[in-house]
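Just below is one structure, and these are the notes that go with it.
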Amino acid sequence: MAVIEGRFPSISQGGSAALIREYAGNALFFAVLIWLFLRSPIIPKAADLPLEPGETLVHTGLANHFLNFEGRGGRLALTSTHLRFLPHAVNLQRRSVDIPLAEIANVRPVRIFKIIPNGIAVTRSSGKVERFAVNGRMEWLDALNRIVKRP
């Protein structure tokens with residue numbers, strides 16, 4: 001857009017090709033870094049989740065939990081008794097979240113930053129709301145609504 005609007009000097013055909021190669025190379029480098037990060041031991045695996053005796057894993061996936069203006073990355077897990085979030089080691093705030101299912105009053109879909117439709121809001125019986133960004137939001141909502149017993 002900057003070239004079209006005249007904010008940058010015109011670029012020759014060779015210069016345009018070099019610019020495109022540079023952008024493509026940077027995008028590929030960034031994609032490889034993300035791929036390596038997601039497969040590193042820093043990211044919690046489903047096997048890393050602490051389970052109590054008799055507790056079974058129902059649904060799990062990578063997620064972000066929003067706490068004090070930080071979107072903390074990690075793993076969200078729905079078990080037969082709890083909703084647990086285990087943050088990865090790169091976060092500033094590394095405290096895990098452990099919500100007993102009996103304490104969940106409501107679950108609803110939300111938009112992250114009021115734009116992106118991939119969030120869920122879990123309201124505790126105390127009124128506190130925990131917000132998560134997840135992949136497969138409808139699957140999470142279905143799983144939570146199936147397993148959470150409400151009065």
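Every chain in the structure tokens has a letter given in the order shown (A, B, ...), and although residue numbers restart at 1 in each chain, ligands are simply numbered from 1 in the order shown.
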
Can you list, as an MDAnalysis selection string, every residue of chain A that DSSP puts in alpha helix (DSSP H)? chainID A and resid 13:38 137:147

Could you pull the residues within 10 Å of range 78-89 of chain A, counting only C-alpha atoms, minus those fewer than 6 positions along the same chain, as number ranges by chain? A: 41-46, 48-52, 54-65, 72, 95-104, 122, 132, 140, 143-144, 147-148

Can you pull out every residue from chain A that DSSP, working from the backbone, puts in strand (DSSP E), and format the result as number ranges by chain? A: 57-67, 70-79, 82-87, 97-100, 104-112, 116-124, 129-134

Which residue gives the smallest distance to Lys128 in chain A among A:Arg146, A:Ile112, A:Asn91, A:Leu67, with only C-alpha atoms counted?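 With only C-alpha atoms as the atom set, the closest residue is A:Leu67.
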
List the spatial neighbours of Gly119 in chain A as a PyMOL selection string - criterion: any atom at most 9 Å away, only C-alpha atoms, same-chain residues fewer than 6 positions off excluded. chain A and resi 108-112+131-135+137

Export of prior selection with C-alpha atoms as a tab-separated table (two decimals), in the first residue's frame:
chain	number	residue	atom	x	y	z
A	108	ARG	CA	-20.08	-19.22	27.35
A	109	PRO	CA	-18.33	-18.31	24.10
A	110	VAL	CA	-16.54	-14.95	23.93
A	111	ARG	CA	-14.49	-13.03	21.38
A	112	ILE	CA	-10.87	-12.40	22.27
A	131	ARG	CA	-11.06	-16.41	30.04
A	132	PHE	CA	-9.30	-18.78	27.68
A	133	ALA	CA	-8.42	-18.67	23.99
A	134	VAL	CA	-8.67	-22.16	22.52
A	135	ASN	CA	-8.61	-24.00	19.23
A	137	ARG	CA	-14.06	-23.48	20.76

Atom-to-atom span, CA of Leu36 in chain A and CA of Val90 in chain A, Å: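 Pair CA of Leu36 in chain A / CA of Val90 in chain A returns 14.1 Å.
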
Which residue out of A:Pro53, A:Gln93, A:Glu139, A:Val32 has the minimum interatomic distance to Gly71 in chain A when only C-alpha atoms are used? A:Gln93

What gap, in Å, lies between CA of Leu92 in chain A and CA of Val107 in chain A?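 Between CA of Leu92 in chain A and CA of Val107 in chain A the gap works out to 26.6 Å.
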